[in-house]
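Source file: run_32.pdb (PDB, C-alpha atoms)
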ATOM      1  CA  MET A   1      20.676 -48.284  23.712
ATOM      2  CA  LYS A   2      22.778 -45.153  23.165
ATOM      3  CA  ASN A   3      20.463 -44.118  20.333
ATOM      4  CA  LEU A   4      17.402 -44.579  22.533
ATOM      5  CA  LEU A   5      18.924 -42.434  25.314
ATOM      6  CA  PHE A   6      19.923 -39.808  22.757
ATOM      7  CA  LEU A   7      16.378 -39.687  21.308
ATOM      8  CA  ALA A   8      14.904 -39.452  24.814
ATOM      9  CA  ALA A   9      17.212 -36.522  25.628
ATOM     10  CA  ILE A  10      16.304 -34.725  22.396
ATOM     11  CA  ALA A  11      12.579 -35.278  23.022
ATOM     12  CA  THR A  12      12.885 -33.955  26.590
ATOM     13  CA  ILE A  13      14.726 -30.845  25.412
ATOM     14  CA  SER A  14      12.248 -30.276  22.565
ATOM     15  CA  PHE A  15       9.193 -30.477  24.810
ATOM     16  CA  SER A  16      10.721 -28.226  27.446
ATOM     17  CA  CYS A  17      11.281 -25.330  24.995
ATOM     18  CA  LYS A  18       8.617 -22.618  24.868
ATOM     19  CA  SER A  19       7.500 -21.100  21.624
ATOM     20  CA  THR A  20       8.293 -17.394  21.235
ATOM     21  CA  ILE A  21       5.566 -16.970  18.618
ATOM     22  CA  ASN A  22       2.667 -14.911  19.892
ATOM     23  CA  PRO A  23      -0.235 -14.721  17.396
ATOM     24  CA  ASP A  24      -1.080 -11.209  18.621
ATOM     25  CA  ASN A  25       2.324  -9.927  17.452
ATOM     26  CA  LEU A  26       2.321 -11.513  13.996
ATOM     27  CA  PRO A  27       1.731  -9.274  10.959
ATOM     28  CA  LYS A  28      -1.912  -9.084   9.973
ATOM     29  CA  PRO A  29      -2.950  -9.562   6.333
ATOM     30  CA  LEU A  30      -4.774  -6.610   4.792
ATOM     31  CA  PRO A  31      -8.302  -8.120   4.902
ATOM     32  CA  GLU A  32      -7.947  -8.700   8.662
ATOM     33  CA  ARG A  33      -6.821  -5.197   9.549
ATOM     34  CA  PRO A  34      -8.653  -3.957  12.618
ATOM     35  CA  LYS A  35     -11.032  -1.036  12.244
ATOM     36  CA  GLU A  36     -11.560   0.247  15.747
ATOM     37  CA  ASN A  37      -9.913  -0.546  19.041
ATOM     38  CA  PRO A  38      -8.020   2.474  20.391
ATOM     39  CA  ASP A  39      -6.808   0.488  23.420
ATOM     40  CA  LYS A  40      -4.612  -1.646  21.144
ATOM     41  CA  GLY A  41      -3.628   1.224  18.849
ATOM     42  CA  ASN A  42      -5.718  -0.073  15.934
ATOM     43  CA  LEU A  43      -7.078   2.119  13.164
ATOM     44  CA  THR A  44      -9.897   4.281  14.422
ATOM     45  CA  GLU A  45     -12.908   5.337  12.380
ATOM     46  CA  GLN A  46     -11.474   8.848  12.399
ATOM     47  CA  GLU A  47      -8.155   7.638  10.911
ATOM     48  CA  ALA A  48      -9.942   5.543   8.283
ATOM     49  CA  GLN A  49     -12.180   8.477   7.344
ATOM     50  CA  GLU A  50      -9.194  10.830   7.149
ATOM     51  CA  MET A  51      -7.402   8.489   4.730
ATOM     52  CA  GLU A  52     -10.541   8.003   2.627
ATOM     53  CA  ASN A  53     -11.203  11.759   2.462
ATOM     54  CA  LEU A  54      -7.617  12.500   1.450
ATOM     55  CA  LYS A  55      -7.689   9.833  -1.263
ATOM     56  CA  SER A  56     -11.005  11.177  -2.537
ATOM     57  CA  GLU A  57      -9.547  14.713  -2.768
ATOM     58  CA  ILE A  58      -6.528  13.372  -4.666
ATOM     59  CA  LEU A  59      -8.659  11.421  -7.141
ATOM     60  CA  THR A  60     -10.998  14.385  -7.666
ATOM     61  CA  MET A  61      -8.051  16.642  -8.465
ATOM     62  CA  ALA A  62      -6.506  14.010 -10.755
ATOM     63  CA  LYS A  63      -9.747  13.601 -12.722
ATOM     64  CA  SER A  64     -10.562  17.316 -12.937
ATOM     65  CA  GLU A  65      -9.065  17.731 -16.433
ATOM     66  CA  LYS A  66      -9.985  15.932 -19.641
ATOM     67  CA  CYS A  67      -7.127  14.198 -21.377
ATOM     68  CA  THR A  68      -6.667  15.829 -24.793
ATOM     69  CA  ASN A  69      -2.875  15.971 -25.041
ATOM     70  CA  SER A  70      -0.817  13.172 -23.484
ATOM     71  CA  THR A  71       2.209  15.456 -23.040
ATOM     72  CA  ASP A  72       0.197  17.337 -20.391
ATOM     73  CA  TRP A  73      -0.008  14.230 -18.201
ATOM     74  CA  LYS A  74       2.262  12.636 -15.607
ATOM     75  CA  SER A  75       1.945   9.747 -13.176
ATOM     76  CA  VAL A  76       2.703   9.446  -9.472
ATOM     77  CA  GLY A  77       2.693   6.580  -6.984
ATOM     78  CA  LEU A  78      -0.291   6.572  -4.617
ATOM     79  CA  GLY A  79      -0.146   4.650  -1.366
ATOM     80  CA  VAL A  80       2.782   2.646  -0.022
ATOM     81  CA  LYS A  81       3.024  -1.119   0.220
ATOM     82  CA  ALA A  82       4.203  -2.546   3.521
ATOM     83  CA  CYS A  83       7.332  -3.885   1.776
ATOM     84  CA  GLY A  84       7.934  -0.515   0.161
ATOM     85  CA  GLY A  85       7.118   0.927  -3.208
ATOM     86  CA  PRO A  86       3.844   2.420  -4.429
ATOM     87  CA  ALA A  87       0.560   0.554  -4.062
ATOM     88  CA  SER A  88      -0.619   1.972  -7.405
ATOM     89  CA  TYR A  89      -0.070   4.796  -9.871
ATOM     90  CA  ILE A  90      -2.461   7.544 -10.860
ATOM     91  CA  ALA A  91      -2.337   9.982 -13.746
ATOM     92  CA  TYR A  92      -2.701  13.734 -13.343
ATOM     93  CA  SER A  93      -2.630  16.753 -15.617
ATOM     94  CA  VAL A  94       0.085  19.374 -15.262
ATOM     95  CA  LYS A  95      -2.693  21.946 -15.775
ATOM     96  CA  ILE A  96      -3.967  21.443 -12.215
ATOM     97  CA  ASP A  97      -2.254  22.995  -9.187
ATOM     98  CA  GLU A  98       0.546  20.443  -9.362
ATOM     99  CA  ALA A  99       2.310  21.546  -6.168
ATOM    100  CA  LYS A 100      -0.877  21.281  -4.103
ATOM    101  CA  PHE A 101      -1.745  17.942  -5.711
ATOM    102  CA  LEU A 102       1.694  16.425  -5.059
ATOM    103  CA  GLU A 103       1.598  17.752  -1.492
ATOM    104  CA  LYS A 104      -1.659  15.832  -0.897
ATOM    105  CA  VAL A 105      -0.197  12.692  -2.524
ATOM    106  CA  ASP A 106       2.899  12.983  -0.330
ATOM    107  CA  LEU A 107       0.745  13.351   2.795
ATOM    108  CA  TYR A 108      -1.337  10.327   1.794
ATOM    109  CA  ASN A 109       1.817   8.273   1.191
ATOM    110  CA  GLN A 110       3.283   9.338   4.557
ATOM    111  CA  LYS A 111       0.089   8.338   6.354
ATOM    112  CA  SER A 112       0.028   5.049   4.428
ATOM    113  CA  THR A 113       3.576   4.286   5.607
ATOM    114  CA  GLU A 114       2.674   5.201   9.191
ATOM    115  CA  TYR A 115      -0.411   2.983   8.980
ATOM    116  CA  ASN A 116       1.651   0.039   7.693
ATOM    117  CA  ASN A 117       4.155   0.442  10.535
ATOM    118  CA  LYS A 118       1.576   1.083  13.245
ATOM    119  CA  TYR A 119      -0.447  -2.041  12.438
ATOM    120  CA  ASN A 120       2.480  -4.227  11.360
ATOM    121  CA  LEU A 121       0.830  -4.931   8.002
ATOM    122  CA  VAL A 122       2.222  -7.128   5.261
ATOM    123  CA  SER A 123       1.747  -6.945   1.512
ATOM    124  CA  ASP A 124       2.463  -9.070  -1.521
ATOM    125  CA  CYS A 125       5.773  -7.196  -2.086
ATOM    126  CA  MET A 126       5.275  -7.317  -5.858
ATOM    127  CA  LEU A 127       6.906  -4.411  -7.623
ATOM    128  CA  ILE A 128       4.401  -2.208  -9.400
ATOM    129  CA  THR A 129       6.170  -0.621 -12.334
ATOM    130  CA  PRO A 130       5.408   2.926 -13.355
ATOM    131  CA  PRO A 131       3.715   3.368 -16.714
ATOM    132  CA  GLU A 132       6.005   3.792 -19.669
ATOM    133  CA  LYS A 133       3.778   6.493 -21.124
ATOM    134  CA  ILE A 134       0.301   7.967 -20.909
ATOM    135  CA  GLU A 135      -2.078   8.209 -23.860
ATOM    136  CA  CYS A 136      -5.434   9.939 -24.099
ATOM    137  CA  GLU A 137      -8.400   7.734 -24.966
ATOM    138  CA  ASN A 138     -11.978   9.092 -24.928
ATOM    139  CA  GLY A 139     -10.878  12.031 -22.763
ATOM    140  CA  ASN A 140      -9.238   9.805 -20.153
ATOM    141  CA  PRO A 141      -5.560   9.145 -19.457
ATOM    142  CA  VAL A 142      -4.559   5.520 -20.069
ATOM    143  CA  PHE A 143      -1.293   3.980 -18.903
ATOM    144  CA  LYS A 144       0.788   2.172 -21.497
ATOM    145  CA  TYR A 145       3.491  -0.346 -20.685
ATOM    146  CA  SER A 146       6.158  -2.017 -22.789
ATOM    147  CA  LYS A 147       5.319  -5.481 -24.122
ATOM    148  CA  SER A 148       7.718  -7.165 -21.681
ATOM    149  CA  ASP A 149       5.826  -5.632 -18.710
ATOM    150  CA  SER A 150       2.354  -6.565 -19.888
ATOM    151  CA  VAL A 151       0.503  -9.388 -18.173
ATOM    152  CA  GLU A 152      -1.672 -11.694 -20.247
TER     153      GLU A 152
END

In structure tokens, what does this structure look like?
Amino acid sequence: MKNLLFLAAIATISFSCKSTINPDNLPKPLPERPKENPDKGNLTEQEAQEMENLKSEILTMAKSEKCTNSTDWKSVGLGVKACGGPASYIAYSVKIDEAKFLEKVDLYNQKSTEYNNKYNLVSDCMLITPPEKIECENGNPVFKYSKSDSVE
């Protein structure tokens, strides 16, 4: 009888508790990120276009030189995962206006971080390792990784 009263008390307490989970406040996975709803502070078309234009400028600058000597090439993280760390790496030649290029990359990364925070985004949190070295193949920079980092 004591057990039955105890179970009844637990059930009553359990059913009287309200959930604090609100689906509107949960992090949204990347494919479900909102595109336009300024009332809720979601990404506007203008913000999306600004990010796309900046990324396009960065990639154009990065690809403006042919890769003939791998010692002329470096890599930099582009974009920021919600958990931290770069979303990817890109190669660039030191023959371009490196200061201007890195300034654009830094701006893109800052905006990426702001975007992640503003929309409460989540990511896979996998660490993306920087390339061990860059080699030139057919005029293009190619990242090379140590055997222990390679995925098969």

I'd like the interatomic distance between CA of Pro141 (chain A) and CA of Val80 (chain A), to a tenth of an Å.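 Computing it gives 22.1 Å between the two atoms.
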
For Tyr92 (chain A), which of A:Asp72, A:Glu137, A:Glu52, A:Glu132 is the closest residue, counting all atoms listed in the file?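 Closest to Tyr92 (chain A) of all the choices is A:Asp72.
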
Residues in the PyMOL selection byres ((chain A and resi 84) around 12), expressed as a PyMOL selection string: chain A and resi 77-83+85-88+109-110+112-114+116-117+121-128

Neighbour list for Lys66 (chain A) as a list of chain:residue names, cut-off 12 Å, all atoms listed in the file, skip fewer than 4 positions in-chain: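 Surrounding residues, per the criterion: A:Met61, A:Ala62, A:Ser70, A:Asp72, A:Trp73, A:Ala91, A:Tyr92, A:Ser93, A:Val94, A:Lys95, A:Ile96, A:Glu135, A:Cys136, A:Glu137, A:Asn138, A:Gly139, A:Asn140, A:Pro141, A:Val142.
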
With 8 Å on each side, where is the centre of the axis-aligned box around all listed atoms of region 118-127 of chain A, and how long are its edges in Å to one decimal, as AutoDock Vina command-line options?
--center_x 3.2 --center_y -4.0 --center_z 2.8 --size_x 23.4 --size_y 26.2 --size_z 36.9

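Proximity to Thr68 (chain A) was assessed for A:Thr44, A:Asp106, A:Ile134, A:Glu50 counting only C-alpha atoms; the smallest distance is recorded for A:Ile134.
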
Suppose you want the space between CA of Leu107 (chain A) and CA of Leu54 (chain A); what is it in Å?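 Pair CA of Leu107 (chain A) / CA of Leu54 (chain A) returns 8.5 Å.
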
Point-to-point distance from CA of Glu57 (chain A) to CA of Lys144 (chain A), Å rounded to tenths: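 Spanning CA of Glu57 (chain A) to CA of Lys144 (chain A) is a straight-line distance of 24.8 Å.
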
Nearest residue to Val76 (chain A) from the set A:Glu47, A:Pro130, A:Lys55, A:Glu98 (distances using all atoms listed in the file): A:Pro130

Can you write region 46-59 of chain A from the block above with all heavy atoms, as a short mmCIF file (atom, residue, chain, number, x, y, z; two decimals), in the first residue's frame?
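Final output, out.cif:
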data_model
loop_
_atom_site.label_atom_id
_atom_site.label_comp_id
_atom_site.auth_asym_id
_atom_site.auth_seq_id
_atom_site.Cartn_x
_atom_site.Cartn_y
_atom_site.Cartn_z
N GLN A 46 19.38 40.66 -47.64
CA GLN A 46 20.52 41.56 -47.72
C GLN A 46 21.74 40.96 -46.99
O GLN A 46 22.85 41.03 -47.50
CB GLN A 46 20.16 42.92 -47.11
CG GLN A 46 21.27 43.94 -47.20
CD GLN A 46 20.89 45.27 -46.58
OE1 GLN A 46 19.77 45.46 -46.12
NE2 GLN A 46 21.82 46.20 -46.59
N GLU A 47 21.52 40.38 -45.81
CA GLU A 47 22.61 39.76 -45.06
C GLU A 47 23.18 38.57 -45.82
O GLU A 47 24.39 38.40 -45.92
CB GLU A 47 22.13 39.30 -43.68
CG GLU A 47 21.84 40.41 -42.71
CD GLU A 47 21.18 39.92 -41.44
OE1 GLU A 47 20.31 39.01 -41.51
OE2 GLU A 47 21.52 40.44 -40.37
N ALA A 48 22.28 37.74 -46.36
CA ALA A 48 22.72 36.56 -47.11
C ALA A 48 23.53 36.98 -48.33
O ALA A 48 24.58 36.39 -48.64
CB ALA A 48 21.52 35.72 -47.53
N GLN A 49 23.06 38.02 -49.04
CA GLN A 49 23.77 38.50 -50.22
C GLN A 49 25.12 39.09 -49.86
O GLN A 49 26.11 38.89 -50.55
CB GLN A 49 22.91 39.54 -50.96
CG GLN A 49 23.43 39.88 -52.33
CD GLN A 49 23.44 38.68 -53.27
OE1 GLN A 49 22.47 37.96 -53.37
NE2 GLN A 49 24.56 38.46 -53.93
N GLU A 50 25.18 39.81 -48.73
CA GLU A 50 26.44 40.39 -48.28
C GLU A 50 27.47 39.29 -48.00
O GLU A 50 28.63 39.40 -48.40
CB GLU A 50 26.20 41.22 -47.02
CG GLU A 50 27.44 41.90 -46.49
CD GLU A 50 27.18 42.69 -45.22
OE1 GLU A 50 26.18 42.43 -44.53
OE2 GLU A 50 28.02 43.56 -44.92
N MET A 51 27.04 38.23 -47.33
CA MET A 51 27.96 37.12 -47.03
C MET A 51 28.42 36.44 -48.32
O MET A 51 29.60 36.11 -48.48
CB MET A 51 27.30 36.10 -46.11
CG MET A 51 27.09 36.58 -44.69
SD MET A 51 28.62 36.86 -43.79
CE MET A 51 29.11 35.18 -43.45
N GLU A 52 27.48 36.22 -49.24
CA GLU A 52 27.81 35.55 -50.50
C GLU A 52 28.77 36.40 -51.33
O GLU A 52 29.73 35.88 -51.91
CB GLU A 52 26.53 35.26 -51.28
CG GLU A 52 26.70 34.25 -52.37
CD GLU A 52 27.25 32.91 -51.91
OE1 GLU A 52 26.84 32.41 -50.85
OE2 GLU A 52 28.13 32.36 -52.61
N ASN A 53 28.53 37.71 -51.38
CA ASN A 53 29.42 38.61 -52.13
C ASN A 53 30.82 38.63 -51.53
O ASN A 53 31.81 38.60 -52.27
CB ASN A 53 28.85 40.03 -52.16
CG ASN A 53 27.63 40.15 -53.04
OD1 ASN A 53 27.33 39.27 -53.85
ND2 ASN A 53 26.89 41.24 -52.86
N LEU A 54 30.91 38.67 -50.22
CA LEU A 54 32.21 38.70 -49.55
C LEU A 54 32.97 37.40 -49.81
O LEU A 54 34.16 37.43 -50.13
CB LEU A 54 32.01 38.94 -48.05
CG LEU A 54 33.25 39.21 -47.21
CD1 LEU A 54 34.07 40.36 -47.78
CD2 LEU A 54 32.84 39.50 -45.77
N LYS A 55 32.27 36.28 -49.72
CA LYS A 55 32.92 34.99 -49.98
C LYS A 55 33.38 34.91 -51.44
O LYS A 55 34.47 34.42 -51.72
CB LYS A 55 31.96 33.84 -49.67
CG LYS A 55 32.60 32.48 -49.79
CD LYS A 55 31.67 31.38 -49.32
CE LYS A 55 32.37 30.03 -49.34
NZ LYS A 55 31.48 28.96 -48.83
N SER A 56 32.58 35.41 -52.34
CA SER A 56 32.94 35.40 -53.76
C SER A 56 34.20 36.24 -54.00
O SER A 56 35.10 35.83 -54.75
CB SER A 56 31.77 35.95 -54.58
OG SER A 56 32.11 35.97 -55.93
N GLU A 57 34.29 37.42 -53.37
CA GLU A 57 35.49 38.25 -53.49
C GLU A 57 36.72 37.52 -52.96
O GLU A 57 37.80 37.57 -53.57
CB GLU A 57 35.31 39.55 -52.70
CG GLU A 57 34.34 40.53 -53.29
CD GLU A 57 34.16 41.76 -52.41
OE1 GLU A 57 35.14 42.19 -51.76
OE2 GLU A 57 33.02 42.28 -52.36
N ILE A 58 36.56 36.85 -51.83
CA ILE A 58 37.68 36.12 -51.21
C ILE A 58 38.15 35.00 -52.15
O ILE A 58 39.35 34.87 -52.40
CB ILE A 58 37.26 35.56 -49.84
CG1 ILE A 58 37.07 36.69 -48.84
CG2 ILE A 58 38.26 34.53 -49.33
CD1 ILE A 58 36.37 36.30 -47.56
N LEU A 59 37.21 34.23 -52.67
CA LEU A 59 37.58 33.12 -53.55
C LEU A 59 38.20 33.62 -54.85
O LEU A 59 39.14 33.01 -55.37
CB LEU A 59 36.36 32.24 -53.82
CG LEU A 59 35.81 31.50 -52.60
CD1 LEU A 59 34.54 30.73 -52.96
CD2 LEU A 59 36.86 30.57 -52.00
#
